[in-house]
>>> print(open('protein.csv').read())   # CSV, C-alpha atoms
chain,number,residue,atom,x,y,z
U,1,MET,CA,44.5,-66.0,-37.5
U,2,ARG,CA,42.0,-65.2,-40.3
U,3,SER,CA,39.2,-66.1,-38.0
U,4,HIS,CA,39.8,-63.0,-36.1
U,5,HIS,CA,39.7,-60.6,-39.1
U,6,PRO,CA,35.9,-60.6,-39.4
U,7,SER,CA,35.6,-59.2,-35.9
U,8,SER,CA,37.9,-56.3,-36.6
U,9,PRO,CA,35.4,-54.4,-38.8
U,10,THR,CA,32.8,-55.0,-36.1
U,11,ARG,CA,34.9,-53.2,-33.5
U,12,THR,CA,35.8,-50.3,-35.8
U,13,ALA,CA,32.1,-50.0,-36.7
U,14,VAL,CA,31.1,-49.7,-33.1
U,15,LEU,CA,33.7,-47.0,-32.2
U,16,PRO,CA,32.5,-44.3,-34.5
U,17,ARG,CA,29.0,-44.8,-33.2
U,18,SER,CA,29.9,-44.3,-29.6
U,19,PRO,CA,30.8,-40.5,-29.8
U,20,ARG,CA,28.0,-40.0,-32.3
U,21,ALA,CA,25.5,-41.7,-29.9
U,22,GLY,CA,26.7,-39.4,-27.1
U,23,LEU,CA,26.4,-36.4,-29.4
U,24,ARG,CA,22.8,-37.4,-30.3
U,25,LEU,CA,22.0,-37.8,-26.6
U,26,ILE,CA,23.4,-34.3,-25.9
U,27,VAL,CA,21.4,-32.7,-28.7
U,28,SER,CA,18.2,-34.5,-27.7
U,29,ALA,CA,18.6,-33.3,-24.1
U,30,ALA,CA,19.3,-29.7,-25.2
U,31,ILE,CA,16.2,-29.7,-27.5
U,32,ALA,CA,14.0,-31.1,-24.7
U,33,LEU,CA,15.3,-28.4,-22.3
U,34,LEU,CA,14.7,-25.7,-24.9
U,35,LEU,CA,11.1,-26.8,-25.5
U,36,ILE,CA,10.4,-27.0,-21.8
U,37,GLY,CA,12.0,-23.7,-21.0
U,38,ALA,CA,10.3,-22.0,-23.9
U,39,GLN,CA,6.9,-23.3,-22.8
U,40,LEU,CA,7.5,-22.1,-19.2
U,41,VAL,CA,8.5,-18.6,-20.4
U,42,LEU,CA,5.8,-18.2,-23.0
U,43,SER,CA,2.8,-20.0,-21.5
U,44,PRO,CA,0.5,-17.6,-19.7
U,45,GLY,CA,-0.9,-20.3,-17.5
U,46,THR,CA,2.4,-21.3,-16.2
U,47,SER,CA,4.8,-18.3,-16.2
U,48,HIS,CA,2.3,-15.9,-14.8
U,49,GLY,CA,0.6,-18.3,-12.4
U,50,LEU,CA,2.7,-17.0,-9.5
U,51,SER,CA,1.8,-13.4,-10.2
U,52,GLN,CA,-1.9,-13.9,-9.5
U,53,PRO,CA,-1.8,-12.1,-6.1
U,54,GLU,CA,-0.3,-9.0,-7.8
U,55,GLU,CA,-2.8,-9.1,-10.6
U,56,THR,CA,-5.7,-9.1,-8.2
U,57,GLN,CA,-4.3,-5.8,-6.7
U,58,ALA,CA,-3.8,-4.2,-10.1
U,59,LYS,CA,-7.1,-2.4,-10.1
U,60,VAL,CA,-7.1,0.6,-12.5
U,61,TYR,CA,-8.7,3.8,-11.5
U,62,GLU,CA,-11.4,5.1,-13.9
U,63,SER,CA,-13.2,8.4,-13.7
U,64,PRO,CA,-16.8,8.0,-12.5
U,65,ALA,CA,-19.4,8.6,-15.2
U,66,ASP,CA,-21.2,11.1,-13.0
U,67,LEU,CA,-19.4,13.7,-10.8
U,68,GLY,CA,-22.4,15.9,-10.4
U,69,ASP,CA,-24.4,16.9,-7.3
U,70,GLY,CA,-25.5,13.9,-5.2
U,71,SER,CA,-23.2,11.5,-7.0
U,72,LYS,CA,-20.9,9.1,-5.2
U,73,PRO,CA,-17.4,10.5,-4.7
U,74,PRO,CA,-14.4,9.1,-6.8
U,75,THR,CA,-12.5,6.3,-5.1
U,76,PRO,CA,-8.8,6.5,-6.0
U,77,VAL,CA,-6.8,3.2,-6.0
U,78,GLY,CA,-4.2,3.5,-3.3
U,79,THR,CA,-3.3,4.2,0.4
U,80,SER,CA,-5.0,7.4,1.4
U,81,TRP,CA,-6.7,10.5,0.1
U,82,LEU,CA,-9.0,13.4,1.0
U,83,VAL,CA,-10.9,16.3,-0.5
U,84,GLY,CA,-12.2,19.3,1.3
U,85,ASP,CA,-12.3,23.1,1.8
U,86,LEU,CA,-8.8,24.4,2.1
U,87,ASP,CA,-9.7,27.4,4.3
U,88,THR,CA,-12.0,25.7,6.9
U,89,GLY,CA,-10.4,22.3,6.8
U,90,GLU,CA,-13.8,20.5,6.4
U,91,LEU,CA,-13.5,17.3,4.5
U,92,GLN,CA,-16.1,15.8,2.2
U,93,VAL,CA,-14.1,12.6,1.5
U,94,ALA,CA,-11.5,11.0,3.7
U,95,HIS,CA,-9.7,7.7,3.6
U,96,ASP,CA,-6.9,6.7,6.0
U,97,ILE,CA,-5.8,10.4,6.1
U,98,ASP,CA,-3.4,9.9,9.1
U,99,LYS,CA,-1.6,6.9,7.6
U,100,LYS,CA,2.1,7.7,7.2
U,101,HIS,CA,3.5,7.0,3.7
U,102,ALA,CA,6.5,8.1,1.5
U,103,PRO,CA,5.5,11.4,0.0
U,104,ALA,CA,7.8,11.3,-3.1
U,105,SER,CA,8.3,14.8,-4.6
U,106,THR,CA,5.3,16.4,-2.9
U,107,ILE,CA,7.7,17.0,-0.1
U,108,LYS,CA,9.4,19.6,-2.3
U,109,LEU,CA,6.6,21.9,-1.2
U,110,LEU,CA,7.9,21.6,2.3
U,111,THR,CA,11.4,22.1,1.0
U,112,ALA,CA,10.3,25.3,-0.7
U,113,LEU,CA,8.3,26.6,2.2
U,114,ALA,CA,11.3,26.1,4.7
U,115,LEU,CA,14.1,27.3,2.4
U,116,VAL,CA,12.4,30.4,0.9
U,117,GLU,CA,12.7,32.0,4.3
U,118,VAL,CA,16.5,31.8,4.4
U,119,LEU,CA,17.0,32.2,0.6
U,120,ASP,CA,14.9,35.3,0.4
U,121,ASP,CA,16.8,37.0,-2.4
U,122,PRO,CA,15.5,35.6,-5.7
U,123,LYS,CA,18.6,37.0,-7.5
U,124,GLN,CA,21.1,35.3,-5.3
U,125,LYS,CA,23.5,33.2,-7.4
U,126,VAL,CA,24.2,29.5,-6.5
U,127,GLU,CA,27.1,27.7,-8.2
U,128,ALA,CA,26.1,24.1,-9.2
U,129,GLU,CA,28.3,21.3,-8.0
U,130,PHE,CA,28.9,17.8,-9.2
U,131,GLU,CA,26.8,16.4,-6.4
U,132,ASP,CA,23.8,18.2,-7.8
U,133,MET,CA,24.4,16.6,-11.2
U,134,GLU,CA,24.8,13.0,-9.9
U,135,ILE,CA,21.6,12.9,-7.8
U,136,ASP,CA,19.1,10.2,-8.7
U,137,GLY,CA,15.8,10.9,-10.4
U,138,THR,CA,14.3,13.8,-12.3
U,139,LYS,CA,16.7,16.6,-13.1
U,140,VAL,CA,16.5,19.9,-14.9
U,141,GLY,CA,20.1,19.7,-16.1
U,142,LEU,CA,22.3,21.8,-13.8
U,143,MET,CA,25.9,21.9,-15.0
U,144,GLN,CA,28.6,22.1,-12.4
U,145,LYS,CA,30.6,25.4,-12.1
U,146,ASN,CA,27.7,27.3,-13.7
U,147,ASP,CA,25.8,29.9,-11.7
U,148,TYR,CA,22.0,29.8,-11.3
U,149,THR,CA,19.7,32.2,-9.4
U,150,VAL,CA,17.7,31.1,-6.4
U,151,ASP,CA,14.5,32.1,-8.4
U,152,LEU,CA,15.5,29.8,-11.3
U,153,LEU,CA,16.2,26.9,-8.9
U,154,PHE,CA,12.8,27.3,-7.2
U,155,HIS,CA,11.1,27.2,-10.6
U,156,ALA,CA,13.0,24.1,-11.7
U,157,MET,CA,12.2,22.3,-8.4
U,158,LEU,CA,8.5,23.2,-8.2
U,159,MET,CA,7.7,23.1,-11.9
U,160,SER,CA,9.8,20.3,-13.2
U,161,SER,CA,10.3,18.5,-9.9
U,162,ALA,CA,14.1,18.8,-10.4
U,163,ASN,CA,16.1,16.9,-7.8
U,164,ASP,CA,19.3,18.6,-8.8
U,165,ALA,CA,17.7,22.0,-8.2
U,166,ALA,CA,16.4,20.8,-4.8
U,167,ASN,CA,19.9,19.6,-3.9
U,168,ALA,CA,21.4,22.9,-4.9
U,169,LEU,CA,18.9,24.9,-2.8
U,170,GLY,CA,19.7,22.7,0.1
U,171,ARG,CA,23.4,23.4,-0.2
U,172,ALA,CA,22.7,27.2,-0.5
U,173,ALA,CA,20.6,27.1,2.7
U,174,GLY,CA,23.6,25.7,4.6
U,175,GLY,CA,23.9,22.1,3.5
U,176,GLN,CA,21.5,19.2,3.3
U,177,ASP,CA,21.5,18.5,7.1
U,178,LYS,CA,20.6,22.1,7.8
U,179,ALA,CA,18.0,22.2,5.1
U,180,VAL,CA,16.3,19.0,6.4
U,181,ALA,CA,16.3,20.4,9.9
U,182,LEU,CA,14.6,23.6,8.6
U,183,MET,CA,12.0,21.4,6.9
U,184,ASN,CA,11.2,19.5,10.0
U,185,GLU,CA,11.0,22.7,12.0
U,186,LYS,CA,8.5,24.1,9.5
U,187,ALA,CA,6.4,20.9,9.6
U,188,GLU,CA,6.2,21.2,13.4
U,189,GLU,CA,5.2,24.9,13.1
U,190,LEU,CA,2.4,23.9,10.8
U,191,GLY,CA,1.1,21.2,13.1
U,192,MET,CA,2.2,18.4,10.6
U,193,THR,CA,2.6,16.0,13.5
U,194,ASN,CA,2.8,12.9,11.2
U,195,THR,CA,5.5,14.2,8.9
U,196,HIS,CA,9.2,13.8,8.9
U,197,ALA,CA,11.7,14.9,6.2
U,198,ALA,CA,14.9,13.2,5.4
U,199,ASN,CA,16.0,14.9,2.2
U,200,THR,CA,15.0,17.9,0.0
U,201,SER,CA,14.1,16.0,-3.1
U,202,GLY,CA,11.6,13.4,-2.1
U,203,LEU,CA,13.7,10.3,-2.9
U,204,ASP,CA,12.5,7.4,-0.8
U,205,ASP,CA,13.9,7.0,2.7
U,206,LYS,CA,12.5,4.9,5.5
U,207,ASN,CA,12.7,8.0,7.8
U,208,GLN,CA,10.7,10.2,5.3
U,209,TYR,CA,6.9,10.2,5.5
U,210,MET,CA,3.8,12.3,5.4
U,211,THR,CA,0.1,11.9,5.7
U,212,ALA,CA,-2.8,13.1,3.5
U,213,ALA,CA,-4.0,15.3,6.4
U,214,ASP,CA,-0.6,16.9,6.8
U,215,MET,CA,-0.5,17.5,3.1
U,216,MET,CA,-3.6,19.6,3.5
U,217,LYS,CA,-1.9,21.7,6.2
U,218,LEU,CA,1.1,22.1,3.9
U,219,ALA,CA,-1.1,23.1,1.0
U,220,TRP,CA,-2.7,25.8,3.0
U,221,ALA,CA,0.6,27.3,4.0
U,222,VAL,CA,2.0,27.2,0.5
U,223,CYS,CA,-1.1,28.9,-0.9
U,224,GLU,CA,-0.5,31.7,1.6
U,225,ASN,CA,3.0,32.4,0.2
U,226,ASP,CA,2.7,34.8,-2.7
U,227,TYR,CA,6.2,34.2,-4.1
U,228,LEU,CA,5.9,30.4,-4.1
U,229,MET,CA,2.4,30.6,-5.7
U,230,SER,CA,3.8,32.8,-8.4
U,231,VAL,CA,6.3,30.1,-9.2
U,232,ILE,CA,3.8,27.3,-9.0
U,233,ASP,CA,1.4,29.3,-11.2
U,234,THR,CA,4.0,29.3,-14.0
U,235,GLU,CA,3.2,26.9,-16.9
U,236,THR,CA,6.4,27.3,-18.9
U,237,TYR,CA,9.8,28.8,-18.1
U,238,LYS,CA,13.0,29.5,-20.0
U,239,PHE,CA,15.9,27.6,-18.5
U,240,PRO,CA,19.2,29.2,-19.4
U,241,GLY,CA,22.1,27.7,-21.2
U,242,GLY,CA,25.7,27.6,-19.9
U,243,LYS,CA,29.2,26.3,-20.5
U,244,ASN,CA,30.6,22.8,-20.0
U,245,PRO,CA,33.6,23.4,-17.6
U,246,ASP,CA,35.5,20.5,-19.0
U,247,THR,CA,35.1,21.0,-22.8
U,248,LYS,CA,34.4,24.7,-22.6
U,249,GLU,CA,31.5,24.0,-25.0
U,250,LYS,CA,28.5,26.4,-24.7
U,251,PHE,CA,25.0,24.9,-24.7
U,252,LYS,CA,21.7,26.7,-25.4
U,253,GLY,CA,18.8,27.2,-23.0
U,254,TYR,CA,15.6,25.4,-23.3
U,255,GLU,CA,12.0,25.5,-22.1
U,256,ILE,CA,10.7,23.6,-19.0
U,257,GLN,CA,7.1,22.8,-18.3
U,258,ASN,CA,4.9,22.5,-15.2
U,259,HIS,CA,4.6,18.8,-14.5
U,260,THR,CA,1.7,19.0,-12.1
U,261,LYS,CA,-0.7,20.0,-15.0
U,262,ILE,CA,-3.3,21.7,-12.8
U,263,VAL,CA,-2.6,25.4,-13.7
U,264,GLY,CA,-4.2,26.2,-17.1
U,265,GLN,CA,-5.7,22.7,-17.4
U,266,VAL,CA,-8.3,22.7,-14.6
U,267,ASP,CA,-10.9,25.3,-14.2
U,268,GLY,CA,-9.6,27.7,-11.5
U,269,GLY,CA,-6.6,25.5,-11.0
U,270,LEU,CA,-3.9,26.9,-8.6
U,271,GLY,CA,-1.6,23.9,-9.0
U,272,LEU,CA,0.7,22.7,-6.3
U,273,LYS,CA,2.6,19.4,-6.7
U,274,ASN,CA,2.8,15.8,-8.0
U,275,GLY,CA,5.1,13.1,-7.0
U,276,PHE,CA,6.1,9.5,-7.9
U,277,THR,CA,8.6,6.8,-7.1
U,278,ARG,CA,8.2,3.1,-7.7
U,279,GLN,CA,8.1,2.5,-4.0
U,280,ALA,CA,6.0,5.5,-2.9
U,281,LYS,CA,3.8,5.2,-5.9
U,282,GLY,CA,1.8,8.3,-6.9
U,283,ALA,CA,1.3,11.3,-4.6
U,284,TYR,CA,-0.6,14.5,-5.3
U,285,ILE,CA,-1.6,17.8,-3.9
U,286,ALA,CA,-4.0,19.7,-6.1
U,287,VAL,CA,-5.8,23.0,-5.4
U,288,ALA,CA,-8.4,24.9,-7.3
U,289,GLU,CA,-10.5,28.0,-6.6
U,290,ARG,CA,-13.9,28.8,-7.9
U,291,ASP,CA,-16.3,31.6,-6.7
U,292,GLY,CA,-13.9,32.5,-3.8
U,293,ARG,CA,-13.8,28.9,-2.5
U,294,ARG,CA,-10.6,26.9,-2.4
U,295,VAL,CA,-10.8,23.2,-2.6
U,296,VAL,CA,-7.8,20.8,-2.1
U,297,SER,CA,-7.4,17.1,-2.8
U,298,THR,CA,-4.4,15.2,-1.5
U,299,MET,CA,-3.4,11.6,-1.9
U,300,LEU,CA,-0.6,9.1,-1.1
U,301,GLY,CA,0.4,5.7,-2.4
U,302,ILE,CA,-1.8,5.8,-5.5
U,303,ASP,CA,-1.4,2.9,-7.8
U,304,ASN,CA,-2.3,4.6,-11.1
U,305,ASN,CA,-3.9,7.7,-12.6
U,306,SER,CA,-3.1,9.9,-9.6
U,307,ARG,CA,-3.6,13.2,-11.4
U,308,GLN,CA,-6.9,12.2,-12.8
U,309,ALA,CA,-8.1,11.0,-9.4
U,310,ALA,CA,-7.0,14.2,-7.8
U,311,VAL,CA,-8.8,16.3,-10.4
U,312,ASP,CA,-12.0,14.2,-10.2
U,313,LEU,CA,-12.1,14.7,-6.4
U,314,LEU,CA,-11.9,18.5,-7.0
U,315,GLU,CA,-14.6,18.4,-9.6
U,316,TRP,CA,-16.9,16.2,-7.5
U,317,ASP,CA,-16.5,18.5,-4.5
U,318,PHE,CA,-17.2,21.7,-6.4
U,319,ALA,CA,-20.4,20.0,-7.8
U,320,GLN,CA,-21.9,19.3,-4.4
U,321,LYS,CA,-24.5,21.9,-3.5
U,322,ASP,CA,-24.9,20.7,0.1
U,323,PRO,CA,-21.8,18.6,0.9
U,324,THR,CA,-21.6,16.7,4.2
U,325,SER,CA,-18.6,17.4,6.4
U,326,LEU,CA,-17.0,14.2,7.7
U,327,GLN,CA,-14.4,15.8,9.9
U,328,THR,CA,-12.1,18.8,10.1
U,329,VAL,CA,-8.4,19.1,9.6
U,330,PRO,CA,-6.9,22.0,11.5
U,331,VAL,CA,-5.3,24.3,9.0
U,332,GLY,CA,-3.9,27.8,9.2
U,333,GLN,CA,-4.6,29.7,12.4
U,334,ALA,CA,-6.6,26.6,13.6
U,335,VAL,CA,-3.5,24.4,13.7
U,336,THR,CA,-3.0,22.8,17.1
U,337,PRO,CA,-1.3,19.5,18.1
U,338,SER,CA,-4.0,17.1,16.8
U,339,GLY,CA,-5.1,13.7,18.0
U,340,ASP,CA,-6.5,11.0,15.7
U,341,PRO,CA,-9.6,12.4,14.0
U,342,SER,CA,-11.9,9.8,12.5
U,343,ALA,CA,-14.2,10.0,9.5
U,344,SER,CA,-17.8,8.9,9.6
U,345,GLU,CA,-17.8,7.8,6.0
U,346,SER,CA,-17.9,4.0,5.5
U,347,GLY,CA,-14.5,2.8,4.6
U,348,SER,CA,-12.8,5.9,5.9
U,349,ASP,CA,-10.4,6.0,8.8
U,350,ALA,CA,-7.4,7.8,10.1
U,351,GLY,CA,-5.3,5.0,11.6
U,352,GLY,CA,-2.0,6.8,12.1
U,353,ALA,CA,-0.1,3.6,11.0
U,354,ASP,CA,3.6,3.4,11.2
U,355,ALA,CA,5.6,4.7,8.3
U,356,ASP,CA,6.5,2.2,5.6
U,357,ASP,CA,10.0,1.1,6.7
U,358,ASN,CA,10.8,-0.7,3.5
U,359,ALA,CA,11.6,2.5,1.6
U,360,ALA,CA,15.1,2.0,0.3
U,361,ILE,CA,16.5,5.0,-1.5
U,362,GLY,CA,14.9,5.2,-4.9
U,363,ALA,CA,14.7,7.5,-7.9
U,364,GLN,CA,11.6,9.2,-9.3
U,365,VAL,CA,10.9,10.3,-12.8
U,366,GLU,CA,7.9,12.5,-13.1
U,367,SER,CA,6.0,14.0,-15.9
U,368,GLY,CA,2.5,14.8,-15.0
U,369,ASP,CA,1.1,11.5,-13.9
U,370,GLY,CA,3.8,9.5,-15.7
U,371,ALA,CA,4.9,6.6,-13.6
U,372,VAL,CA,8.4,5.6,-14.8
U,373,ALA,CA,11.0,5.4,-12.1
U,374,SER,CA,13.8,3.2,-10.8
U,375,ASP,CA,14.6,2.1,-7.2
U,376,SER,CA,17.0,-0.1,-5.3
U,377,THR,CA,15.5,-3.6,-5.5
U,378,THR,CA,16.8,-7.1,-5.9
U,379,SER,CA,19.0,-7.8,-8.8
U,380,SER,CA,16.3,-9.8,-10.6
U,381,LYS,CA,13.8,-7.0,-10.4
U,382,THR,CA,16.4,-4.4,-11.4
U,383,LEU,CA,17.0,-6.4,-14.5
U,384,GLY,CA,13.2,-6.6,-15.1
U,385,VAL,CA,13.1,-10.4,-14.5
U,386,SER,CA,10.7,-11.7,-11.9
U,387,ASP,CA,11.6,-14.5,-9.6
U,388,GLU,CA,9.2,-17.0,-11.3
U,389,THR,CA,10.9,-16.6,-14.7
U,390,LEU,CA,14.4,-17.3,-13.4
U,391,LEU,CA,14.0,-21.2,-13.5
U,392,PRO,CA,12.8,-21.4,-17.2
U,393,ILE,CA,15.5,-18.8,-18.2
U,394,GLY,CA,18.1,-20.9,-16.4
U,395,MET,CA,16.9,-24.0,-18.3
U,396,LEU,CA,17.2,-22.2,-21.6
U,397,LEU,CA,20.8,-21.2,-20.7
U,398,VAL,CA,21.6,-24.8,-19.9
U,399,ALA,CA,20.1,-26.0,-23.1
U,400,ALA,CA,22.2,-23.4,-25.0
U,401,ALA,CA,25.3,-24.6,-23.3
U,402,LEU,CA,24.5,-28.2,-24.2
U,403,LEU,CA,24.0,-27.3,-27.8
U,404,LEU,CA,27.3,-25.5,-27.8
U,405,THR,CA,29.0,-28.5,-26.4
U,406,ALA,CA,27.4,-30.7,-29.1
U,407,LEU,CA,28.6,-28.3,-31.8
U,408,ILE,CA,32.2,-28.4,-30.4
U,409,ILE,CA,32.1,-32.2,-30.4
U,410,LEU,CA,30.8,-32.3,-34.0
U,411,VAL,CA,33.5,-30.0,-35.2
U,412,ARG,CA,36.2,-32.0,-33.5
U,413,LEU,CA,34.8,-35.2,-35.0
U,414,ARG,CA,35.0,-33.7,-38.5
U,415,ARG,CA,38.5,-32.6,-37.9
U,416,GLY,CA,39.5,-36.1,-36.7
U,417,LYS,CA,40.6,-35.0,-33.2
U,418,ILE,CA,38.3,-37.5,-31.6
U,419,PRO,CA,39.1,-41.2,-32.4
U,420,ARG,CA,36.7,-42.8,-34.7
>>> encode(input="protein.csv", output="structure tokens")
Amino acid sequence: MRSHHPSSPTRTAVLPRSPRAGLRLIVSAAIALLLIGAQLVLSPGTSHGLSQPEETQAKVYESPADLGDGSKPPTPVGTSWLVGDLDTGELQVAHDIDKKHAPASTIKLLTALALVEVLDDPKQKVEAEFEDMEIDGTKVGLMQKNDYTVDLLFHAMLMSSANDAANALGRAAGGQDKAVALMNEKAEELGMTNTHAANTSGLDDKNQYMTAADMMKLAWAVCENDYLMSVIDTETYKFPGGKNPDTKEKFKGYEIQNHTKIVGQVDGGLGLKNGFTRQAKGAYIAVAERDGRRVVSTMLGIDNNSRQAAVDLLEWDFAQKDPTSLQTVPVGQAVTPSGDPSASESGSDAGGADADDNAAIGAQVESGDGAVASDSTTSSKTLGVSDETLLPIGMLLVAAALLLTALIILVRLRRGKIPR
């Protein structure tokens, strides 16, 4: 019988090592996964390796060192652009000017031009509704059940690119469907044959597009409207206060600024409109007048520095003593149903491509050339996580779960709930 006693301690000595060995295995696996996951997340060579195609496209626009007479014209980074004489339609620079693209908030110029004809009393009162407040993107801060004049709403829409004001103006004109119909009728009247409106604000929609050439036609028409130009020429504007209908609390008014940053900041700047969504990228219509000559630059799908590129095109054009005319866009009285004009400049064309049909409804946030916006994308992109980082993040989460499991086992061992 005693011969069996020496083996008993041996069995009891093995038992406690079994759970502890498993514990050590779990901890080791967790640490290994943590190290691998951390390396994948933090290592530039690995975590960003899949982003190489995007990086090659991330060219940054920089102003040319020379914008004087005889210099090469600026080359914005993006889809299409032009610069030329607003009154004759003669272009000095043109690139893909008939390519359809989401216009972002530059379409608010078409909104204004169409709706000002039916909302012709600037003092007309419009009561804001909740649907104005809940619209996506840039807002001026309309409060439901408060009254605002049509004049104030036009200032908010064209100066601060306020989507809530654009929505309220659409309602006042007979509803959004009616407003959009008026916009498309106005586009047809102006010979904007490659333009289609889908909303009053410029939020992305696969059925909403414009071209750089049509933007020039739109710019001419807006510049001929004295009232709209008086609004666009405003640098700052006092937005009134009001009362919260729920809390009855009164709030003070505040000052709004002109986001386009052409008037007062560019020599002879008449202004017009900027736009941005993550999907549409940057859009711009800029006009300046010097010595009785009006020059316009328009652009769509600009990756970065859209305002600076627009201003550089204006400055370059004004500096040319004997500019070459590449082609002519019919503007004003010369507007007729146009074909597909082509530019003679190398790298310039007017392809009339199909509208981008991947424009899910998005939101724009605009402040000058600020490019901060949100749009409807996949959940990983909405959260700011790229697809290539999901695997290492998942590994880190698994490692954290294993460590938590090991901690639980350790606690239970110490409390004696696991047999030793």
>>> closest_atom_pairs(input="protein.csv", of="segment 283-320 of chain U", to="segment 84-93 of chain U", cutoff="10 Å", atoms="all atoms listed in the file", output="Markdown table")
| residue | atom | partner | partner_atom | distance |
| --- | --- | --- | --- | --- |
| U:Val287 | CA | U:Leu86 | CA | 8.2 |
| U:Ala288 | CA | U:Leu86 | CA | 9.4 |
| U:Glu289 | CA | U:Leu86 | CA | 9.6 |
| U:Arg293 | CA | U:Asp85 | CA | 7.4 |
| U:Arg294 | CA | U:Leu86 | CA | 5.5 |
| U:Val295 | CA | U:Asp85 | CA | 4.6 |
| U:Val296 | CA | U:Leu86 | CA | 5.6 |
| U:Ser297 | CA | U:Gly84 | CA | 6.7 |
| U:Thr298 | CA | U:Gly84 | CA | 9.2 |
| U:Leu313 | CA | U:Val93 | CA | 8.4 |
| U:Leu314 | CA | U:Gly84 | CA | 8.3 |
| U:Trp316 | CA | U:Gln92 | CA | 9.7 |
| U:Asp317 | CA | U:Gln92 | CA | 7.2 |
| U:Phe318 | CA | U:Gly84 | CA | 9.5 |
| U:Gln320 | CA | U:Gln92 | CA | 9.5 |
>>> atom_distance(input="protein.csv", atom1="atom CA of Pro240 of chain U", atom2="atom CA of Gly264 of chain U")
23.7 Å
>>> residues_near_point(input="protein.csv", point="(8.2, 15.9, 7.1)", cutoff="10 Å", atoms="all atoms listed in the file", output="ChimeraX atom specification")
/U:102-103,107,110-111,180-181,183-188,192-199,207-211,214-215,218
>>> atom_distance(input="protein.csv", atom1="atom CA of Gln308 of chain U", atom2="atom CA of Pro76 of chain U")
9.1 Å
>>> atom_distance(input="protein.csv", atom1="atom CA of Trp81 of chain U", atom2="atom CA of Ala94 of chain U")
6.0 Å
>>> residues_around(input="protein.csv", residues="Leu270 of chain U", least_positions_apart="5", cutoff="12 Å", atoms="all atoms listed in the file", output="PyMOL selection string")
chain U and resi 219-220+222-224+226+228-235+258+260-265+285-290+293-297+311+314
>>> write_last_selection(input="protein.csv", atoms="C-alpha atoms", output="short mmCIF file (atom, residue, chain, number, x, y, z; two decimals), in the coordinates of the input")
data_model
loop_
_atom_site.label_atom_id
_atom_site.label_comp_id
_atom_site.auth_asym_id
_atom_site.auth_seq_id
_atom_site.Cartn_x
_atom_site.Cartn_y
_atom_site.Cartn_z
CA ALA U 219 -1.10 23.10 1.00
CA TRP U 220 -2.70 25.80 3.00
CA VAL U 222 2.00 27.20 0.50
CA CYS U 223 -1.10 28.90 -0.90
CA GLU U 224 -0.50 31.70 1.60
CA ASP U 226 2.70 34.80 -2.70
CA LEU U 228 5.90 30.40 -4.10
CA MET U 229 2.40 30.60 -5.70
CA SER U 230 3.80 32.80 -8.40
CA VAL U 231 6.30 30.10 -9.20
CA ILE U 232 3.80 27.30 -9.00
CA ASP U 233 1.40 29.30 -11.20
CA THR U 234 4.00 29.30 -14.00
CA GLU U 235 3.20 26.90 -16.90
CA ASN U 258 4.90 22.50 -15.20
CA THR U 260 1.70 19.00 -12.10
CA LYS U 261 -0.70 20.00 -15.00
CA ILE U 262 -3.30 21.70 -12.80
CA VAL U 263 -2.60 25.40 -13.70
CA GLY U 264 -4.20 26.20 -17.10
CA GLN U 265 -5.70 22.70 -17.40
CA ILE U 285 -1.60 17.80 -3.90
CA ALA U 286 -4.00 19.70 -6.10
CA VAL U 287 -5.80 23.00 -5.40
CA ALA U 288 -8.40 24.90 -7.30
CA GLU U 289 -10.50 28.00 -6.60
CA ARG U 290 -13.90 28.80 -7.90
CA ARG U 293 -13.80 28.90 -2.50
CA ARG U 294 -10.60 26.90 -2.40
CA VAL U 295 -10.80 23.20 -2.60
CA VAL U 296 -7.80 20.80 -2.10
CA SER U 297 -7.40 17.10 -2.80
CA VAL U 311 -8.80 16.30 -10.40
CA LEU U 314 -11.90 18.50 -7.00
#
>>> closest_residue(input="protein.csv", among="U:Asp147, U:Asp164, U:Asp96, U:Glu117", to="Glu131 of chain U", atoms="only C-alpha atoms")
U:Asp164
>>> residues_around(input="protein.csv", residues="segment 242-245 of chain U", least_positions_apart="2", cutoff="8 Å", atoms="all atoms listed in the file", output="list in words")
Met143, Gln144, Lys145, Asn146, Pro240, Thr247, Lys248, Glu249, Lys250, Phe251, Lys252 and Gly253 of chain U
>>> closest_residue(input="protein.csv", among="U:Ala212, U:Ala156, U:Ala168, U:Leu203", to="Tyr237 of chain U", atoms="all atoms listed in the file")
U:Ala156
>>> closest_residue(input="protein.csv", among="U:Ile302, U:Ala319, U:Ala166, U:Ala128", to="Gly70 of chain U", atoms="only C-alpha atoms")
U:Ala319
>>> residues_around(input="protein.csv", residues="Val140 of chain U", least_positions_apart="6", cutoff="12 Å", atoms="all atoms listed in the file", output="JSON, numbers by chain")
{"U": [128, 132, 133, 134, 148, 152, 153, 154, 155, 156, 157, 158, 159, 160, 161, 162, 163, 164, 165, 166, 167, 168, 237, 238, 239, 240, 241, 253, 254, 255, 256, 257, 258, 259, 365, 366]}
>>> closest_residue(input="protein.csv", among="U:Ser63, U:Thr200, U:Ser105, U:Gln279", to="Arg171 of chain U", atoms="all atoms listed in the file")
U:Thr200
>>> residues_around(input="protein.csv", residues="Val60 of chain U", least_positions_apart="2", cutoff="9 Å", atoms="only C-alpha atoms", output="number ranges by chain")
U: 58, 62, 76-77, 303-305
>>> closest_residue(input="protein.csv", among="U:Met216, U:Arg278, U:Glu315, U:Gly141", to="Leu82 of chain U", atoms="only C-alpha atoms")
U:Met216
>>> residues_around(input="protein.csv", residues="segment 119-125 of chain U", least_positions_apart="2", cutoff="8 Å", atoms="all atoms listed in the file", output="MDAnalysis selection string")
chainID U and resid 115:117 127 147:151 172:173
